Amino acid sequence: MAESFSTDLLAPGDRLDAWLFQARQICGDCRFQFPRRPLFRGVIERRTIGGLELTRFSSTPLSFDKSPVLNAGSPQRNCIIITQLEGVRSYRQGAMLATLNPGDSTFVDSGLPWSSECGGLCSRLYLRVPLWLMQNRLHRGALPVLPRISGGRGLGATLFRLMTSLYQEADAFSPEESTSAVETYLEILSACLEGIDAAPSAGSRRGELAKHIEYFIERHLGEPSLSPAAIAEAAGVSVRHLHRLFASEGSSLGEHIRERRLQRCLSDIADPRFADRTITEISLFWGFSDSAHFSRCFKQRFGSSPRAFRARLANGSCGLVQPCLASPEGAARFPRLN
């Protein structure tokens, strides 16, 4: 029997809390973030196919972090097969990143921390499959982490069409038919994974780890509490290893965070849309906890105090020792992990 929930049926002030209640019945204890909270709208539809839960989530922008606490042999440990229907959404688990376009598929191990983010309207299907069943039907003991299966053509396109058909016809199947349909889907998924190694190369792992670290830093840049311990935990590495990664690029983690914050502040100070914001408001927004310290860092980095920089921009001249940093072309780029 299908179950459906829509915020459109509720008063605007009740929508978010009601949606969170519904989502946590399915996802458990997730940490959600809503960049456009007052305008949030969402739909959750639940169906069953072959004894497995199949859920459609559709919403305005949201991101979440899921940090389950399950042991390796827990019977509640599932794989979540994700089928992207609308919008572009990023998924992260450990050091791996998968960005899905409509039609693409991937899966995550729900027993390990993972996160997801989308900047626009988004719709996707989640099929929860017990981990042991995935390993059995995919004929693999170790599963790949976040493999991206393109739905553009070939088997990937077939996989996408079959999943959408399973969702649409779930209530019309007999129990035997639904079981056979799921078995067929998993066989095609197994074929799509041919040639995808469960253990990526060292170079690939390092590149994905770098993306994950930079993503986490950018996402939490405005939080004064952003720390090496929090970054290391999110990336699944030790604090010592995290510092080594930045040292190998000739910088430190602290310098990198400070540089990213300074660049964001510089951009906002130079942006006419933020002319009504004070220098202090901008610096606090991007994670500086002390305006005097921010001014010293800004002057040391760019050769001018933030107030003088804003005044010179207003007069049509940057007046800095470096090229005018109000434009992206003039902005100094900080070394990135590769």
# chains A, B, ... in the order shown; residues from 1 in each chain; ligands from 1
>>> residues_around(residues="Glu187 in chain A", least_positions_apart="2", cutoff="12 Å", atoms="only C-alpha atoms", output="PDB file with N, CA and C atoms, in the first residue's frame")
ATOM      1  N   LEU A 133      21.990  -9.149   1.284  1.00  0.00           N
ATOM      2  CA  LEU A 133      21.313  -9.455   0.028  1.00  0.00           C
ATOM      3  C   LEU A 133      22.033  -8.785  -1.143  1.00  0.00           C
ATOM      4  N   MET A 134      22.490  -7.552  -0.948  1.00  0.00           N
ATOM      5  CA  MET A 134      23.262  -6.864  -1.997  1.00  0.00           C
ATOM      6  C   MET A 134      24.525  -7.649  -2.314  1.00  0.00           C
ATOM      7  N   GLN A 135      25.239  -8.078  -1.292  1.00  0.00           N
ATOM      8  CA  GLN A 135      26.482  -8.821  -1.517  1.00  0.00           C
ATOM      9  C   GLN A 135      26.208 -10.134  -2.234  1.00  0.00           C
ATOM     10  N   ASN A 136      25.101 -10.760  -1.880  1.00  0.00           N
ATOM     11  CA  ASN A 136      24.759 -12.040  -2.497  1.00  0.00           C
ATOM     12  C   ASN A 136      24.352 -11.878  -3.952  1.00  0.00           C
ATOM     13  N   ARG A 137      23.457 -10.926  -4.230  1.00  0.00           N
ATOM     14  CA  ARG A 137      22.937 -10.767  -5.587  1.00  0.00           C
ATOM     15  C   ARG A 137      23.931 -10.095  -6.528  1.00  0.00           C
ATOM     16  N   LEU A 138      24.832  -9.284  -5.976  1.00  0.00           N
ATOM     17  CA  LEU A 138      25.835  -8.635  -6.815  1.00  0.00           C
ATOM     18  C   LEU A 138      27.102  -9.473  -6.913  1.00  0.00           C
ATOM     19  N   HIS A 139      27.094 -10.638  -6.223  1.00  0.00           N
ATOM     20  CA  HIS A 139      28.207 -11.589  -6.282  1.00  0.00           C
ATOM     21  C   HIS A 139      29.523 -10.933  -5.856  1.00  0.00           C
ATOM     22  N   LEU A 155      23.221  -0.056 -20.342  1.00  0.00           N
ATOM     23  CA  LEU A 155      22.660  -0.710 -19.164  1.00  0.00           C
ATOM     24  C   LEU A 155      22.247   0.292 -18.098  1.00  0.00           C
ATOM     25  N   THR A 158      18.880   1.460 -18.923  1.00  0.00           N
ATOM     26  CA  THR A 158      17.932   0.372 -18.648  1.00  0.00           C
ATOM     27  C   THR A 158      17.660   0.273 -17.155  1.00  0.00           C
ATOM     28  N   LEU A 159      18.720   0.393 -16.352  1.00  0.00           N
ATOM     29  CA  LEU A 159      18.577   0.335 -14.902  1.00  0.00           C
ATOM     30  C   LEU A 159      17.642   1.441 -14.406  1.00  0.00           C
ATOM     31  N   LEU A 162      13.988   0.748 -15.420  1.00  0.00           N
ATOM     32  CA  LEU A 162      13.407  -0.340 -14.645  1.00  0.00           C
ATOM     33  C   LEU A 162      13.039   0.135 -13.242  1.00  0.00           C
ATOM     34  N   SER A 180      10.371 -11.142  -8.252  1.00  0.00           N
ATOM     35  CA  SER A 180      11.090 -11.377  -9.508  1.00  0.00           C
ATOM     36  C   SER A 180      11.604 -10.067 -10.101  1.00  0.00           C
ATOM     37  N   ALA A 181      10.796  -8.994  -9.984  1.00  0.00           N
ATOM     38  CA  ALA A 181      11.205  -7.701 -10.529  1.00  0.00           C
ATOM     39  C   ALA A 181      12.441  -7.166  -9.813  1.00  0.00           C
ATOM     40  N   VAL A 182      12.472  -7.303  -8.495  1.00  0.00           N
ATOM     41  CA  VAL A 182      13.640  -6.852  -7.724  1.00  0.00           C
ATOM     42  C   VAL A 182      14.865  -7.679  -8.078  1.00  0.00           C
ATOM     43  N   GLU A 183      14.681  -8.993  -8.206  1.00  0.00           N
ATOM     44  CA  GLU A 183      15.804  -9.863  -8.585  1.00  0.00           C
ATOM     45  C   GLU A 183      16.375  -9.435  -9.930  1.00  0.00           C
ATOM     46  N   THR A 184      15.499  -9.129 -10.882  1.00  0.00           N
ATOM     47  CA  THR A 184      15.946  -8.685 -12.208  1.00  0.00           C
ATOM     48  C   THR A 184      16.708  -7.377 -12.106  1.00  0.00           C
ATOM     49  N   TYR A 185      16.186  -6.459 -11.310  1.00  0.00           N
ATOM     50  CA  TYR A 185      16.860  -5.161 -11.133  1.00  0.00           C
ATOM     51  C   TYR A 185      18.276  -5.357 -10.581  1.00  0.00           C
ATOM     52  N   LEU A 189      21.870  -4.332 -12.124  1.00  0.00           N
ATOM     53  CA  LEU A 189      22.803  -3.511 -11.343  1.00  0.00           C
ATOM     54  C   LEU A 189      24.167  -4.185 -11.263  1.00  0.00           C
ATOM     55  N   SER A 190      24.178  -5.482 -11.047  1.00  0.00           N
ATOM     56  CA  SER A 190      25.444  -6.219 -10.996  1.00  0.00           C
ATOM     57  C   SER A 190      26.204  -6.091 -12.312  1.00  0.00           C
ATOM     58  N   ALA A 191      25.479  -6.185 -13.441  1.00  0.00           N
ATOM     59  CA  ALA A 191      26.124  -6.054 -14.755  1.00  0.00           C
ATOM     60  C   ALA A 191      26.677  -4.650 -14.950  1.00  0.00           C
ATOM     61  N   CYS A 192      25.978  -3.635 -14.413  1.00  0.00           N
ATOM     62  CA  CYS A 192      26.457  -2.254 -14.539  1.00  0.00           C
ATOM     63  C   CYS A 192      27.768  -2.028 -13.788  1.00  0.00           C
ATOM     64  N   LEU A 193      28.015  -2.864 -12.773  1.00  0.00           N
ATOM     65  CA  LEU A 193      29.207  -2.685 -11.948  1.00  0.00           C
ATOM     66  C   LEU A 193      30.422  -3.432 -12.473  1.00  0.00           C
ATOM     67  N   GLU A 194      30.258  -4.131 -13.593  1.00  0.00           N
ATOM     68  CA  GLU A 194      31.396  -4.843 -14.178  1.00  0.00           C
ATOM     69  C   GLU A 194      32.528  -3.860 -14.446  1.00  0.00           C
TER      70      GLU A 194
END
>>> select_by_dssp(residues="range 4-241 of chain A", states="strand (DSSP E or B)", output="ChimeraX atom specification")
/A:4-6,30-33,42-49,52-59,62-66,78-86,89-93,96-100,105-109,114-118,122-130,149
>>> residues_around(residues="Asp290 in chain A", least_positions_apart="5", cutoff="12 Å", atoms="only C-alpha atoms", output="list in words")
Pro224, Ile279, Thr280, Glu281, Ile282, Ser283, Leu284, Phe285, Ser295, Arg296 and Cys297 of chain A
>>> write_last_selection(atoms="C-alpha atoms", output="short mmCIF file (atom, residue, chain, number, x, y, z; two decimals), in the first residue's frame")
data_model
loop_
_atom_site.label_atom_id
_atom_site.label_comp_id
_atom_site.auth_asym_id
_atom_site.auth_seq_id
_atom_site.Cartn_x
_atom_site.Cartn_y
_atom_site.Cartn_z
CA PRO A 224 33.87 29.65 14.16
CA ILE A 279 32.58 44.94 7.82
CA THR A 280 32.02 43.31 11.19
CA GLU A 281 28.84 41.56 10.02
CA ILE A 282 30.62 40.15 7.00
CA SER A 283 33.62 38.93 9.00
CA LEU A 284 31.41 37.26 11.62
CA PHE A 285 29.30 35.63 8.90
CA SER A 295 41.17 43.53 10.02
CA ARG A 296 44.78 42.65 10.81
CA CYS A 297 44.60 39.45 8.74
#
>>> residues_around(residues="range 209-217 of chain A", least_positions_apart="5", cutoff="9 Å", atoms="only C-alpha atoms", output="PDB file with N, CA and C atoms, in the first residue's frame")
ATOM      1  N   ARG A  92      28.158  11.837  -0.544  1.00  0.00           N
ATOM      2  CA  ARG A  92      29.511  11.615  -0.055  1.00  0.00           C
ATOM      3  C   ARG A  92      29.505  10.535   1.010  1.00  0.00           C
ATOM      4  N   GLN A  93      30.499   9.644   0.913  1.00  0.00           N
ATOM      5  CA  GLN A  93      30.693   8.638   1.947  1.00  0.00           C
ATOM      6  C   GLN A  93      32.187   8.371   2.059  1.00  0.00           C
ATOM      7  N   GLY A  94      32.738   8.567   3.269  1.00  0.00           N
ATOM      8  CA  GLY A  94      34.178   8.462   3.430  1.00  0.00           C
ATOM      9  C   GLY A  94      34.871   9.478   2.549  1.00  0.00           C
ATOM     10  N   ALA A  95      35.816   9.005   1.751  1.00  0.00           N
ATOM     11  CA  ALA A  95      36.550   9.893   0.852  1.00  0.00           C
ATOM     12  C   ALA A  95      35.958   9.947  -0.549  1.00  0.00           C
ATOM     13  N   MET A  96      34.823   9.266  -0.763  1.00  0.00           N
ATOM     14  CA  MET A  96      34.262   9.178  -2.102  1.00  0.00           C
ATOM     15  C   MET A  96      33.124  10.174  -2.306  1.00  0.00           C
ATOM     16  N   LEU A  97      33.004  10.637  -3.544  1.00  0.00           N
ATOM     17  CA  LEU A  97      31.995  11.611  -3.936  1.00  0.00           C
ATOM     18  C   LEU A  97      31.318  11.140  -5.216  1.00  0.00           C
ATOM     19  N   SER A 204      43.294   7.678  -6.869  1.00  0.00           N
ATOM     20  CA  SER A 204      41.869   7.994  -6.876  1.00  0.00           C
ATOM     21  C   SER A 204      41.370   8.287  -5.471  1.00  0.00           C
ATOM     22  N   LEU A 226      34.727  25.478  13.461  1.00  0.00           N
ATOM     23  CA  LEU A 226      35.347  24.566  12.496  1.00  0.00           C
ATOM     24  C   LEU A 226      36.750  24.216  12.971  1.00  0.00           C
ATOM     25  N   ILE A 231      36.932  18.184  10.927  1.00  0.00           N
ATOM     26  CA  ILE A 231      37.227  17.913   9.518  1.00  0.00           C
ATOM     27  C   ILE A 231      37.746  16.494   9.355  1.00  0.00           C
ATOM     28  N   ALA A 232      38.647  16.088  10.234  1.00  0.00           N
ATOM     29  CA  ALA A 232      39.218  14.741  10.156  1.00  0.00           C
ATOM     30  C   ALA A 232      38.142  13.677  10.346  1.00  0.00           C
ATOM     31  N   ALA A 234      34.914  13.969   9.707  1.00  0.00           N
ATOM     32  CA  ALA A 234      34.049  13.951   8.524  1.00  0.00           C
ATOM     33  C   ALA A 234      34.723  13.250   7.357  1.00  0.00           C
ATOM     34  N   ALA A 235      36.040  13.371   7.250  1.00  0.00           N
ATOM     35  CA  ALA A 235      36.782  12.768   6.138  1.00  0.00           C
ATOM     36  C   ALA A 235      37.198  11.330   6.410  1.00  0.00           C
ATOM     37  N   GLY A 236      37.041  10.887   7.660  1.00  0.00           N
ATOM     38  CA  GLY A 236      37.415   9.522   8.002  1.00  0.00           C
ATOM     39  C   GLY A 236      38.904   9.295   8.090  1.00  0.00           C
ATOM     40  N   LEU A 242      45.488  14.420   8.380  1.00  0.00           N
ATOM     41  CA  LEU A 242      44.912  15.631   7.784  1.00  0.00           C
ATOM     42  C   LEU A 242      45.962  16.739   7.698  1.00  0.00           C
ATOM     43  N   LEU A 245      48.485  16.084   4.937  1.00  0.00           N
ATOM     44  CA  LEU A 245      48.004  16.381   3.589  1.00  0.00           C
ATOM     45  C   LEU A 245      48.257  17.836   3.215  1.00  0.00           C
ATOM     46  N   ILE A 257      42.098  27.509   5.896  1.00  0.00           N
ATOM     47  CA  ILE A 257      40.789  27.984   6.360  1.00  0.00           C
ATOM     48  C   ILE A 257      40.766  29.506   6.427  1.00  0.00           C
ATOM     49  N   ARG A 260      40.522  30.925   2.872  1.00  0.00           N
ATOM     50  CA  ARG A 260      39.194  30.789   2.275  1.00  0.00           C
ATOM     51  C   ARG A 260      38.227  31.799   2.893  1.00  0.00           C
ATOM     52  N   ARG A 336      45.394  24.058  -3.778  1.00  0.00           N
ATOM     53  CA  ARG A 336      44.346  23.064  -3.494  1.00  0.00           C
ATOM     54  C   ARG A 336      44.972  21.687  -3.429  1.00  0.00           C
ATOM     55  N   LEU A 337      44.388  20.833  -2.603  1.00  0.00           N
ATOM     56  CA  LEU A 337      44.846  19.464  -2.533  1.00  0.00           C
ATOM     57  C   LEU A 337      44.506  18.735  -3.822  1.00  0.00           C
ATOM     58  N   ASN A 338      45.422  17.949  -4.325  1.00  0.00           N
ATOM     59  CA  ASN A 338      45.173  17.153  -5.524  1.00  0.00           C
ATOM     60  C   ASN A 338      45.613  15.715  -5.291  1.00  0.00           C
TER      61      ASN A 338
END
>>> atom_distance(atom1="CA of Thr278 in chain A", atom2="CA of Pro306 in chain A")
10.4 Å
>>> residues_around(residues="Cys30 in chain A", least_positions_apart="5", cutoff="7 Å", atoms="only C-alpha atoms", output="list of chain:residue names")
A:Phe64, A:Asp65, A:Lys66
>>> atom_distance(atom1="CA of Cys118 in chain A", atom2="CA of Leu52 in chain A")
25.7 Å
>>> select_by_dssp(residues="range 201-303 of chain A", states="helix (DSSP H, G or I)", output="PyMOL selection string")
chain A and resi 202-219+228-235+239-247+253-270+272-274+279-285+291-302
>>> closest_residue(among="A:Arg240, A:Arg24, A:Arg31, A:Arg148", to="Ile44 in chain A", atoms="only C-alpha atoms")
A:Arg24
>>> atom_distance(atom1="CA of Pro38 in chain A", atom2="CA of Ser6 in chain A")
15.8 Å
>>> closest_residue(among="A:Val145, A:Leu221, A:Ala23, A:Ile82", to="Leu112 in chain A", atoms="only C-alpha atoms")
A:Val145
>>> residues_around(residues="Asn78 in chain A", least_positions_apart="6", cutoff="10 Å", atoms="only C-alpha atoms", output="PDB file with N, CA and C atoms, in the first residue's frame")
ATOM      1  N   VAL A 108      24.773   3.599  -1.287  1.00  0.00           N
ATOM      2  CA  VAL A 108      25.595   3.857  -0.106  1.00  0.00           C
ATOM      3  C   VAL A 108      25.370   2.742   0.905  1.00  0.00           C
ATOM      4  N   ASP A 109      26.347   2.545   1.765  1.00  0.00           N
ATOM      5  CA  ASP A 109      26.238   1.626   2.899  1.00  0.00           C
ATOM      6  C   ASP A 109      25.648   2.419   4.057  1.00  0.00           C
ATOM      7  N   SER A 110      24.414   2.106   4.452  1.00  0.00           N
ATOM      8  CA  SER A 110      23.744   2.889   5.482  1.00  0.00           C
ATOM      9  C   SER A 110      24.345   2.689   6.864  1.00  0.00           C
ATOM     10  N   GLY A 111      25.248   1.721   6.999  1.00  0.00           N
ATOM     11  CA  GLY A 111      25.897   1.494   8.278  1.00  0.00           C
ATOM     12  C   GLY A 111      27.087   2.387   8.518  1.00  0.00           C
ATOM     13  N   LEU A 112      27.446   3.206   7.522  1.00  0.00           N
ATOM     14  CA  LEU A 112      28.573   4.128   7.629  1.00  0.00           C
ATOM     15  C   LEU A 112      28.097   5.555   7.434  1.00  0.00           C
ATOM     16  N   LEU A 127      15.911   2.849  -2.562  1.00  0.00           N
ATOM     17  CA  LEU A 127      15.509   1.465  -2.334  1.00  0.00           C
ATOM     18  C   LEU A 127      16.433   0.877  -1.272  1.00  0.00           C
ATOM     19  N   ARG A 128      15.871   0.469  -0.143  1.00  0.00           N
ATOM     20  CA  ARG A 128      16.667  -0.098   0.946  1.00  0.00           C
ATOM     21  C   ARG A 128      16.762  -1.610   0.786  1.00  0.00           C
ATOM     22  N   VAL A 129      18.010  -2.084   0.672  1.00  0.00           N
ATOM     23  CA  VAL A 129      18.263  -3.503   0.466  1.00  0.00           C
ATOM     24  C   VAL A 129      19.214  -3.978   1.555  1.00  0.00           C
ATOM     25  N   PRO A 130      18.905  -5.062   2.273  1.00  0.00           N
ATOM     26  CA  PRO A 130      19.835  -5.567   3.281  1.00  0.00           C
ATOM     27  C   PRO A 130      21.224  -5.785   2.686  1.00  0.00           C
ATOM     28  N   LEU A 131      22.242  -5.443   3.446  1.00  0.00           N
ATOM     29  CA  LEU A 131      23.616  -5.533   2.944  1.00  0.00           C
ATOM     30  C   LEU A 131      23.948  -6.947   2.484  1.00  0.00           C
ATOM     31  N   TRP A 132      23.530  -7.942   3.249  1.00  0.00           N
ATOM     32  CA  TRP A 132      23.848  -9.318   2.881  1.00  0.00           C
ATOM     33  C   TRP A 132      23.214  -9.687   1.544  1.00  0.00           C
ATOM     34  N   LEU A 133      21.990  -9.149   1.284  1.00  0.00           N
ATOM     35  CA  LEU A 133      21.313  -9.455   0.028  1.00  0.00           C
ATOM     36  C   LEU A 133      22.033  -8.785  -1.143  1.00  0.00           C
ATOM     37  N   MET A 134      22.490  -7.552  -0.948  1.00  0.00           N
ATOM     38  CA  MET A 134      23.262  -6.864  -1.997  1.00  0.00           C
ATOM     39  C   MET A 134      24.525  -7.649  -2.314  1.00  0.00           C
TER      40      MET A 134
END
